[in-house]
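Undergrad: So I've got this file, query.txt, and it contains compact mmCIF, C-alpha atoms:
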```
# COMPACT_ATOMS: atom_id res chain seq x y z
CA MET A 4 84.73 41.11 86.83
CA ALA A 5 87.47 42.00 89.28
CA TYR A 6 89.89 42.51 86.41
CA SER A 7 87.43 44.85 84.66
CA ALA A 8 86.98 46.90 87.85
CA ASP A 9 90.74 47.21 88.32
CA VAL A 10 91.10 48.46 84.74
CA ARG A 11 88.43 51.10 85.28
CA VAL A 12 90.10 52.34 88.47
CA ALA A 13 93.52 52.52 86.79
CA HIS A 14 92.02 54.34 83.82
CA ALA A 15 90.35 56.88 86.11
CA GLN A 16 93.66 57.49 87.95
CA GLU A 17 95.46 58.06 84.65
CA GLN A 18 92.80 60.54 83.59
CA ALA A 19 93.07 62.34 86.93
CA ALA A 20 96.85 62.54 86.57
CA GLY A 21 96.38 63.99 83.13
CA ASN A 22 94.27 66.79 84.64
CA GLU A 23 97.07 68.04 86.89
CA HIS A 24 97.79 71.74 86.56
CA PRO A 25 100.05 74.33 88.25
CA VAL A 26 98.62 76.08 91.27
CA ARG A 27 96.57 79.05 90.04
CA PHE A 28 96.40 82.29 92.01
CA ALA A 29 94.05 85.27 92.10
CA LEU A 30 94.87 88.73 93.46
CA THR A 31 92.69 91.58 94.62
CA LEU A 32 93.31 94.91 96.35
CA GLU A 33 91.33 95.85 99.43
CA GLY A 34 90.84 98.95 101.51
CA GLU A 35 89.47 102.38 100.69
CA GLY A 36 92.29 104.61 99.52
CA ASN A 37 94.73 101.70 99.03
CA PRO A 38 97.88 103.49 97.79
CA LEU A 39 98.48 100.77 95.18
CA GLU A 40 95.30 101.87 93.37
CA SER A 41 97.12 105.01 92.23
CA CYS A 42 100.15 102.94 91.11
CA GLY A 43 98.47 100.85 88.42
CA GLY A 44 96.23 98.80 90.72
CA ALA A 45 96.13 95.02 90.96
CA GLN A 46 97.11 94.59 87.31
CA ALA A 47 100.44 96.37 87.88
CA VAL A 48 101.22 94.00 90.76
CA ARG A 49 100.25 90.92 88.70
CA ASP A 50 102.45 92.03 85.82
CA ALA A 51 105.41 92.66 88.14
CA VAL A 52 105.09 89.21 89.76
CA GLU A 53 104.80 87.37 86.44
CA HIS A 54 107.76 89.33 85.08
CA ARG A 55 109.90 88.22 88.02
CA LEU A 56 108.76 84.58 87.85
CA ARG A 57 108.86 84.50 84.01
CA ARG A 58 105.57 82.62 83.75
CA THR A 59 101.82 83.13 83.95
CA VAL A 60 100.69 82.89 87.56
CA PHE A 61 97.34 84.63 87.97
CA THR A 62 93.86 83.72 86.78
CA ASP A 63 90.32 84.81 87.63
CA ALA A 64 88.92 84.22 91.10
CA ALA A 65 86.46 81.50 89.96
CA SER A 66 89.20 79.11 88.79
CA ALA A 67 91.97 80.01 91.28
CA ASP A 68 93.35 77.56 93.85
CA ARG A 69 94.70 80.31 96.15
CA TYR A 70 93.79 83.96 96.69
CA PHE A 71 95.95 86.92 97.67
CA VAL A 72 94.26 89.92 99.27
CA VAL A 73 96.50 92.99 99.47
CA GLY A 74 95.48 95.81 101.80
CA GLY A 75 97.33 99.04 102.50
CA SER A 76 97.21 101.82 105.07
CA ARG A 77 99.38 104.83 105.81
CA PRO A 78 100.95 105.39 109.26
CA THR A 79 100.30 108.51 111.27
CA PHE A 80 103.67 109.95 110.29
CA GLY A 81 105.59 110.20 107.03
CA VAL A 82 104.88 109.00 103.50
CA ASP A 83 105.76 105.32 103.82
CA TRP A 84 102.83 102.92 104.23
CA THR A 85 102.21 99.39 105.41
CA THR A 86 100.90 96.66 103.11
CA ARG A 87 99.33 93.46 104.44
CA ILE A 88 99.24 90.40 102.20
CA VAL A 89 96.78 87.66 103.21
CA GLU A 90 96.76 84.25 101.46
CA LEU A 91 93.50 82.25 101.37
CA ASP A 92 92.66 78.76 100.10
CA ARG A 93 89.63 77.82 97.99
CA HIS A 94 87.49 77.59 101.13
CA ASP A 95 88.45 81.14 102.17
CA GLN A 96 90.50 79.84 105.08
CA GLU A 97 93.48 82.03 105.88
CA VAL A 98 96.76 80.25 105.08
CA GLY A 99 99.21 82.99 106.02
CA ARG A 100 99.83 86.70 106.32
CA ARG A 101 102.79 88.95 105.75
CA GLU A 102 103.38 92.64 106.39
CA VAL A 103 105.94 94.91 104.74
CA VAL A 104 106.62 98.68 104.77
CA VAL A 105 106.96 100.16 101.28
CA PRO A 106 107.84 103.68 100.07
CA GLY A 107 104.74 105.77 99.56
CA ASP A 108 106.27 108.46 97.33
CA GLU A 109 107.52 106.24 94.46
CA CYS A 110 105.04 103.92 92.73
CA ALA A 111 107.70 101.80 91.02
CA LYS A 112 109.38 100.92 94.32
CA ALA A 113 106.03 100.28 96.04
CA VAL A 114 104.81 97.86 93.34
CA GLU A 115 108.20 96.13 93.21
CA ALA A 116 108.30 95.65 97.01
CA VAL A 117 104.89 93.94 96.99
CA ALA A 118 105.84 91.88 93.92
CA VAL A 119 109.01 90.58 95.62
CA VAL A 120 107.04 89.31 98.65
CA LEU A 121 104.38 87.69 96.45
CA SER A 122 107.02 86.05 94.22
CA ILE A 123 108.76 84.51 97.23
CA THR A 124 105.41 83.27 98.59
CA ILE A 125 104.35 81.74 95.25
CA GLY A 126 107.74 80.15 94.58
CA PRO A 127 108.43 77.63 91.78
CA PRO A 128 105.58 75.90 89.88
CA ARG A 129 103.64 73.37 91.96
CA MET A 130 101.26 70.86 90.42
CA VAL A 131 97.88 70.00 91.90
CA PRO A 132 95.62 67.13 90.67
CA GLY A 133 92.43 67.83 88.83
CA PRO A 134 89.11 66.04 89.54
CA VAL A 135 88.54 62.42 88.43
CA PRO A 136 86.37 62.48 85.27
CA GLY A 137 82.74 61.75 86.01
CA THR A 138 83.07 62.78 89.66
CA GLU A 139 83.22 66.54 89.26
CA ARG A 140 80.86 68.59 91.38
CA PRO A 141 79.85 72.04 90.28
CA SER A 142 81.31 74.37 92.86
CA PRO A 143 79.23 77.34 94.00
CA PRO A 144 80.45 80.80 93.09
CA SER A 145 83.30 81.84 95.30
CA PRO A 146 82.36 84.60 97.75
CA PRO A 147 84.35 87.83 97.63
CA PRO A 148 87.62 87.80 99.60
CA PRO A 149 87.09 88.59 103.29
CA PRO A 150 88.45 91.73 104.90
CA VAL A 151 92.19 91.81 105.46
CA VAL A 152 91.90 92.75 109.13
CA ARG A 153 90.46 89.94 111.23
CA GLU A 154 89.77 89.94 114.95
CA GLU A 155 91.36 86.50 115.42
CA PRO A 156 93.67 85.83 112.43
CA ARG A 157 95.09 82.34 111.95
CA GLY A 158 98.43 81.20 110.58
CA PHE A 159 100.49 84.39 110.88
CA ILE A 160 103.63 84.77 108.81
CA GLY A 161 105.39 87.46 110.80
CA PRO A 162 103.86 89.63 113.52
CA PRO A 163 100.26 90.89 113.26
CA PRO A 164 99.83 94.51 112.17
CA PRO A 165 99.84 97.02 115.05
CA PRO A 166 96.74 99.10 115.64
CA VAL A 167 97.95 102.30 114.00
CA PRO A 168 95.37 105.02 113.39
CA ALA A 169 95.16 106.03 109.76
CA ALA A 170 96.03 109.59 108.76
CA PRO A 171 95.11 111.53 105.63
CA PRO A 172 97.78 110.93 102.99
CA HIS A 173 98.26 114.55 102.01
CA ARG A 174 97.70 117.53 104.28
CA TRP A 175 99.48 120.39 105.98
CA GLU A 176 100.99 119.66 109.39
CA ALA A 177 102.39 122.02 112.05
CA ILE A 178 104.69 120.38 114.61
CA PRO A 179 105.73 122.43 117.68
CA LEU A 180 109.13 121.67 119.16
CA LEU A 181 111.30 122.57 122.15
CA GLU A 182 115.10 122.25 122.11
CA LEU A 183 118.04 122.65 124.50
CA GLU A 184 121.00 124.15 122.60
CA GLY A 185 124.73 124.06 123.23
CA GLY A 186 127.52 125.50 121.12
CA SER A 187 130.63 127.55 120.65
CA GLY A 188 131.95 130.29 118.37
CA ILE A 189 129.79 133.34 119.11
CA GLN A 190 129.64 133.84 122.87
CA PRO A 191 132.75 133.24 125.00
CA GLY A 192 133.70 129.56 125.36
CA VAL A 193 130.92 126.96 125.33
CA SER A 194 127.48 128.42 125.91
CA TRP A 195 123.97 127.03 126.09
CA GLY A 196 120.47 128.19 125.25
CA VAL A 197 116.87 127.19 124.64
CA GLY A 198 114.95 127.12 121.40
CA LEU A 199 111.22 127.15 120.69
CA GLY A 200 109.92 126.60 117.18
CA VAL A 201 107.59 124.92 114.73
CA GLN A 202 108.17 122.55 111.82
CA VAL A 203 105.70 122.89 108.96
CA ARG A 204 105.16 119.95 106.59
CA PRO A 205 103.29 120.81 103.37
CA PRO A 206 101.51 118.13 101.27
CA VAL A 207 104.83 117.40 99.50
CA PRO A 208 106.72 114.20 100.41
CA ARG A 209 109.89 114.59 102.51
CA VAL A 210 109.95 118.41 102.47
CA SER A 211 109.47 120.67 105.50
CA LEU A 212 110.12 124.20 106.77
CA LEU A 213 111.61 124.79 110.24
CA ALA A 214 111.39 128.11 112.13
CA ARG A 215 112.65 128.62 115.68
CA ALA A 216 113.60 131.37 118.12
CA GLN A 217 116.63 130.88 120.39
CA TYR A 218 117.77 132.63 123.54
CA TRP A 219 121.27 132.14 124.93
CA PRO A 220 121.61 133.54 128.51
CA ASN A 221 124.57 135.56 129.84
CA LYS A 222 127.97 133.92 129.40
CA SER A 223 131.01 135.46 131.08
CA ASN A 224 134.36 135.92 129.33
CA HIS A 225 136.18 135.49 132.68
CA GLY A 226 138.57 138.26 131.63
CA THR A 227 139.64 141.70 132.72
CA PRO A 228 137.40 143.56 132.58
CA GLU A 229 134.81 140.81 133.03
CA ALA A 230 131.85 141.02 130.66
CA GLU A 231 128.76 138.95 130.08
CA PHE A 232 127.23 138.31 126.67
CA ASP A 233 123.76 137.05 125.76
CA ARG A 234 122.15 136.60 122.37
CA LEU A 235 118.69 136.29 120.84
CA THR A 236 118.30 134.88 117.34
CA GLY A 237 115.72 133.59 114.88
CA VAL A 238 116.43 130.68 112.51
CA LEU A 239 114.62 129.73 109.30
CA LEU A 240 115.59 126.43 107.60
CA GLY A 241 114.35 124.39 104.67
CA CYS A 242 114.66 120.63 105.31
CA TYR A 243 114.58 117.44 103.24
CA ASP A 244 114.20 113.90 104.63
CA VAL A 245 117.14 112.02 103.11
CA TYR A 246 116.36 108.75 104.94
CA ARG A 247 113.18 107.25 106.36
CA ALA A 248 112.67 103.83 107.97
CA GLY A 249 109.28 103.50 109.65
CA GLN A 250 109.16 106.21 112.31
CA LEU A 251 112.91 107.05 112.05
CA THR A 252 113.79 110.13 110.00
CA LEU A 253 117.13 111.69 109.05
CA ALA A 254 116.87 115.18 107.54
CA THR A 255 119.30 117.78 106.23
CA CYS A 256 118.48 121.48 106.49
CA ALA A 257 119.90 124.76 105.23
CA GLY A 258 118.97 128.38 105.82
CA GLY A 259 119.82 131.52 107.75
CA GLU A 260 119.99 132.95 111.25
CA VAL A 261 119.53 136.59 112.25
CA GLY A 262 119.71 138.12 115.73
CA ARG A 263 121.61 140.30 118.14
CA LEU A 264 124.59 139.80 120.48
CA HIS A 265 124.45 141.96 123.62
CA ALA A 266 127.26 142.86 126.05
CA ASP A 267 126.86 143.75 129.72
CA VAL A 268 130.07 145.60 130.74
CA PRO A 269 130.47 149.21 131.95
CA ARG A 270 133.51 150.12 129.84
CA VAL A 271 132.58 149.02 126.35
CA THR A 272 133.74 151.78 123.98
CA ARG A 273 131.47 150.91 121.06
CA SER A 274 128.73 153.31 120.11
CA SER A 275 126.33 150.52 121.10
CA ASP A 276 126.57 147.58 123.49
CA GLN A 277 124.94 145.20 121.02
CA VAL A 278 125.72 144.04 117.48
CA LEU A 279 123.85 142.37 114.62
CA LEU A 280 124.39 138.65 113.97
CA VAL A 281 123.87 137.21 110.45
CA ASN A 282 124.75 133.52 109.87
CA LEU A 283 124.36 130.91 107.15
CA VAL A 284 123.34 127.60 108.75
CA GLY A 285 123.57 123.95 107.70
CA GLU A 286 121.93 121.38 109.98
CA VAL A 287 121.40 117.62 110.31
CA ARG A 288 118.41 116.33 112.33
CA LEU A 289 117.51 112.82 113.53
CA GLY A 290 114.11 112.02 115.06
CA TYR A 291 112.02 109.00 116.03
CA VAL A 292 108.24 109.19 116.41
CA PHE A 293 106.41 106.95 118.86
CA GLY A 294 103.11 106.76 120.72
CA ARG A 295 99.47 106.04 120.02
CA GLY A 296 96.31 108.03 119.62
CA PRO A 297 95.95 111.59 118.41
CA ILE A 298 99.23 112.81 119.97
CA LEU A 299 102.66 111.39 119.06
CA VAL A 300 106.02 112.38 120.55
CA GLU A 301 109.28 112.71 118.59
CA PRO A 302 112.58 112.88 120.53
CA LEU A 303 115.26 114.39 118.31
CA VAL A 304 118.92 115.36 118.14
CA ALA A 305 120.47 117.94 115.83
CA ALA A 306 123.86 119.38 114.91
CA ASN A 307 124.67 122.42 112.79
CA VAL A 308 127.52 124.53 111.49
CA ALA A 309 127.11 128.28 110.90
CA ALA A 310 129.19 130.64 108.81
CA VAL A 311 129.21 133.92 110.77
CA LEU A 312 128.86 136.69 108.19
CA GLN A 313 128.57 139.62 110.65
CA ARG A 314 131.53 139.63 113.10
CA ASP A 315 131.52 143.01 114.86
CA LEU A 316 134.07 143.68 117.63
CA PHE A 317 133.39 144.51 121.25
CA THR A 318 136.26 146.68 122.54
CA PHE A 319 137.28 148.42 125.76
CA ARG A 320 139.87 151.04 126.74
CA ASN A 321 142.53 149.75 129.14
CA ARG A 322 144.42 151.70 131.85
CA ASP A 323 146.95 152.96 129.31
CA GLY A 324 144.16 154.45 127.23
CA GLN A 325 144.56 151.87 124.46
CA GLU A 326 141.56 150.22 122.85
CA ALA A 327 141.63 146.40 123.09
CA THR A 328 139.32 143.65 121.86
CA LEU A 329 136.86 142.29 124.38
CA LEU A 330 135.06 139.80 122.07
CA GLN A 331 134.73 139.00 118.39
CA PRO A 332 132.69 136.02 117.15
CA ALA A 333 134.61 133.29 115.31
CA PRO A 334 134.11 132.90 111.53
CA ILE A 335 132.61 129.44 112.07
CA ALA A 336 130.25 128.47 114.92
CA VAL A 337 129.11 124.95 115.82
CA GLN A 338 126.03 123.93 117.73
CA GLY A 339 124.21 120.80 118.95
CA ALA A 340 120.71 120.32 120.30
CA VAL A 341 118.44 117.76 121.93
CA GLY A 342 114.72 118.27 121.99
CA VAL A 343 111.22 116.97 121.51
CA ALA A 344 108.51 117.59 118.94
CA VAL A 345 104.78 116.87 119.30
CA HIS A 346 102.57 115.65 116.44
CA PHE A 347 98.80 116.20 116.58
CA PHE A 348 96.38 114.16 114.44
```
Would you kindly transcribe this structure into structure tokens?
TA:
Amino acid sequence: MAYSADVRVAHAQEQAAGNEHPVRFALTLEGEGNPLESCGGAQAVRDAVEHRLRRTVFTDAASADRYFVVGGSRPTFGVDWTTRIVELDRHDQEVGRREVVVPGDECAKAVEAVAVVLSITIGPPRMVPGPVPGTERPSPPSPPPPPVVREEPRGFIGPPPPPVPAAPPHRWEAIPLLELEGGSGIQPGVSWGVGLGVQVRPPVPRVSLLARAQYWPNKSNHGTPEAEFDRLTGVLLGCYDVYRAGQLTLATCAGGEVGRLHADVPRVTRSSDQVLLVNLVGEVRLGYVFGRGPILVEPLVAANVAAVLQRDLFTFRNRDGQEATLLQPAPIAVQGAVGVAVHFF
């Protein structure tokens, strides 16, 4: 009788070993307005993962051993968005979580970024044993995956997602800014000024329009006769974000500048003591957005080069009665700026 029992146990173990199968996964998307929904949805992610792993990985939720729940939300600034991947076991217990920032303006890159993280998490094939024949228990239907965001998540892989308020993905935005300018090439020597403007972002990724007014106070030429020059200009630039990483943005801009250069000296022999300025401007801008709530602050630095198209002379008549040059702007002017912009949501 003991021999017969041992045979039955061994036979049951062999049958159980024969029921081994690779770990099966299920995947769902979560969150209203999940950006992946417009990029082919969950099926596009499944296809990308199985293409990378070169095998079938996913099955339906009822027969899966592990679940992936992928949620997405956009930050308050820019087009990039944050995806959160939560892994659950068959009892809906959280096994791990990972967060990654993906580009929000290119679907192919977004799907591929999520697929890379999932492929690394899944890894090579792993076998799990099936139930011993005759001992199976009908399992109740699996409940839907729980929300991605939990009050007390367990088993983090990486840091938990920060509490970032969601912003509409596509809308117009007006960003006021204040800048302190410094430069050379138009007024005598190195001069400084202040700029006040607004950056307008349309519902087009990475594109913006920048308009600002600048005033440069009196700057002396320290010559004989001594004269002081001030200028007032308006600048209009079109900008494109060439690099974005989270809240860091590097943009290039191009456009024009129009204004007037004014001289304060009693013996200027021009018909007028002010001239027209017309410049072509190229600019590079670097900003970083931080803060919480409805108002975010963006410190920024900028540098530009201007081709001075209008270079009128200021002249005076010396003691010998000869007309001499008092000031003429250089053909190329350079300028730098530090400032701050404010985002309202």
Undergrad: Identify the residues around (113.7, 124.0, 121.2) within a radius of 6 Å, measuring from all atoms listed in the file in the coordinates stated by the file, and give them as a VMD selection string.
TA: chain A and resid 180 to 183 197 to 199 342
Undergrad: I'd like the neighbourhood of A:Asp63 as JSON, numbers by chain, where a residue qualifies if any of its atoms comes within 12 Å (using only C-alpha atoms), though same-chain residues fewer than 4 positions away should be ignored.
TA: {"A": [27, 28, 29, 30, 31, 46, 49, 67, 68, 69, 70, 71, 144, 145]}
Undergrad: Can you measure atom CA of A:His94 to atom CA of A:Ile123 for me? One decimal in Å is fine.
TA: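 Computing the Euclidean distance for atom CA of A:His94 and atom CA of A:Ile123 yields 22.7 Å.
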Undergrad: Padding of 3 Å on every side, edges along x, y and z, all listed atoms of stretch 43-62 of chain A included: what centre and edge lengths in Å, to one decimal, does that box have, as AutoDock Vina command-line options?
TA:
```
--center_x 101.9 --center_y 91.7 --center_z 87.4 --size_x 22.0 --size_y 24.2 --size_z 13.2
```
Undergrad: Could you check which of A:Leu289, A:Ile298, A:Phe232, A:Leu303 is closest to A:Asp276, using all atoms listed in the file?
TA: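 Residue with the minimum atom-to-atom distance to A:Asp276: A:Phe232.
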Undergrad: Rounded to one decimal, what separation in Å do you get between atom CA of A:Pro191 and atom CA of A:Gly241?
TA: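 Between atom CA of A:Pro191 and atom CA of A:Gly241 the gap is 28.8 Å.
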Undergrad: When you draw a straight line from atom CA of A:His54 to atom CA of A:Val26, how long is it in Å?
TA: 17.2 Å
Undergrad: Return the single residue from A:Glu260, A:Glu326, A:Glu231, A:Glu286 that is closest to A:Ala305, with distances computed using only C-alpha atoms.
TA: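 Comparing A:Glu260, A:Glu326, A:Glu231, A:Glu286 against A:Ala305, the winner is A:Glu286.
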Undergrad: Which residue out of A:Val261, A:Val105, A:Val341, A:Val120 has the minimum interatomic distance to A:Ala310 when only C-alpha atoms are used?
TA: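 Under the stated criterion, the closest residue is A:Val261.
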Undergrad: Taking the structure I provided as the source, export stretch 38-88 of chain A with C-alpha atoms, as a short mmCIF file (atom, residue, chain, number, x, y, z; two decimals), in the first residue's frame.
TA:
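The file below, selection.cif, is the result:
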```cif
data_model
loop_
_atom_site.label_atom_id
_atom_site.label_comp_id
_atom_site.auth_asym_id
_atom_site.auth_seq_id
_atom_site.Cartn_x
_atom_site.Cartn_y
_atom_site.Cartn_z
CA PRO A 38 -1.67 59.99 -24.12
CA LEU A 39 -0.94 56.40 -25.21
CA GLU A 40 -4.60 56.01 -26.21
CA SER A 41 -3.95 58.28 -29.19
CA CYS A 42 -0.80 56.31 -30.11
CA GLY A 43 -2.40 52.95 -30.83
CA GLY A 44 -3.48 52.15 -27.28
CA ALA A 45 -2.53 49.06 -25.29
CA GLN A 46 -2.26 46.92 -28.41
CA ALA A 47 0.53 49.11 -29.82
CA VAL A 48 2.49 48.71 -26.57
CA ARG A 49 1.95 44.91 -26.53
CA ASP A 50 3.12 44.61 -30.13
CA ALA A 51 6.24 46.71 -29.44
CA VAL A 52 7.18 44.59 -26.39
CA GLU A 53 6.69 41.28 -28.18
CA HIS A 54 8.67 42.57 -31.15
CA ARG A 55 11.60 43.43 -28.87
CA LEU A 56 11.45 40.12 -26.96
CA ARG A 57 10.75 38.07 -30.13
CA ARG A 58 8.10 35.95 -28.43
CA THR A 59 4.47 36.04 -27.33
CA VAL A 60 4.23 37.59 -23.88
CA PHE A 61 0.71 38.87 -23.29
CA THR A 62 -2.58 37.07 -22.76
CA ASP A 63 -6.03 38.01 -21.45
CA ALA A 64 -6.45 39.15 -17.87
CA ALA A 65 -8.30 35.97 -16.77
CA SER A 66 -5.34 33.67 -17.48
CA ALA A 67 -2.45 36.05 -16.72
CA ASP A 68 0.04 35.48 -13.89
CA ARG A 69 1.07 39.17 -13.69
CA TYR A 70 -0.64 42.43 -14.66
CA PHE A 71 0.83 45.70 -15.90
CA VAL A 72 -1.21 48.87 -15.44
CA VAL A 73 0.14 51.83 -17.41
CA GLY A 74 -1.08 55.30 -16.48
CA GLY A 75 -0.03 58.62 -17.99
CA SER A 76 -0.33 62.30 -17.12
CA ARG A 77 1.07 65.48 -18.59
CA PRO A 78 3.13 67.94 -16.49
CA THR A 79 2.13 71.55 -16.07
CA PHE A 80 4.72 72.66 -18.62
CA GLY A 81 5.77 71.40 -22.03
CA VAL A 82 4.67 68.46 -24.17
CA ASP A 83 6.54 65.62 -22.47
CA TRP A 84 4.49 63.46 -20.09
CA THR A 85 5.09 61.01 -17.27
CA THR A 86 4.08 57.35 -17.50
CA ARG A 87 3.72 55.16 -14.41
CA ILE A 88 3.97 51.39 -14.81
#
```
